[in-house]
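Undergrad: Can you read through this structure? Questions will come right after.
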Amino acid sequence: MATAKQKAAAKKNISKARTAGRGMSAQAHARAQPEGRRRAKPGARSGGSFFHIEVRPRREFKTFRT
C-alpha cells in the first residue's frame, strides 16, 4: 500500500509529465524516453546471492569440483 505522501508525489509527477508532454512533438517525445534500461547485472544491486564462474583453459583442467 502506498502512503498518502507517496500518492501525492505520484499525482504531482503525473501532472508534471502531462504538462511537459503537451507541447512535445513526436520526435521530442521519443528522445525523452529512457533508453538502455536493462536488467541489473548479478551483484550490481547488492541483493541476493549469485555465482561468479570463471572458465579456465583446457590445459589447466584437473578434475570436476562441486
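If you're wondering about the labels, chains in the C-alpha cells are A, B, ... by order shown, residues count from 1 in each chain, ligands from 1 in order shown.
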Which residues are near Phe51 (chain A)? Cut-off 12 Å, only C-alpha atoms, ignore same chain within fewer than 4 positions. Put them as an mmCIF file with N, CA and C atoms, in the first residue's frame.

TA:
```cif
data_model
loop_
_atom_site.group_PDB
_atom_site.id
_atom_site.type_symbol
_atom_site.label_atom_id
_atom_site.label_comp_id
_atom_site.auth_asym_id
_atom_site.auth_seq_id
_atom_site.Cartn_x
_atom_site.Cartn_y
_atom_site.Cartn_z
ATOM 1 N N LYS A 41 22.971 -6.308 -13.639
ATOM 2 C CA LYS A 41 23.859 -7.456 -13.624
ATOM 3 C C LYS A 41 23.857 -8.088 -12.237
ATOM 4 N N PRO A 42 24.105 -9.388 -12.170
ATOM 5 C CA PRO A 42 24.115 -10.052 -10.860
ATOM 6 C C PRO A 42 25.141 -9.423 -9.925
ATOM 7 N N GLY A 43 24.696 -9.090 -8.726
ATOM 8 C CA GLY A 43 25.583 -8.498 -7.734
ATOM 9 C C GLY A 43 25.694 -6.991 -7.821
#
```

Undergrad: So which residues touch Ala20 (chain A) within 12 Å, counting only C-alpha atoms, skipping near sequence neighbours fewer than 6 positions away, as a PyMOL selection string?

TA: chain A and resi 13-14+28-29+32
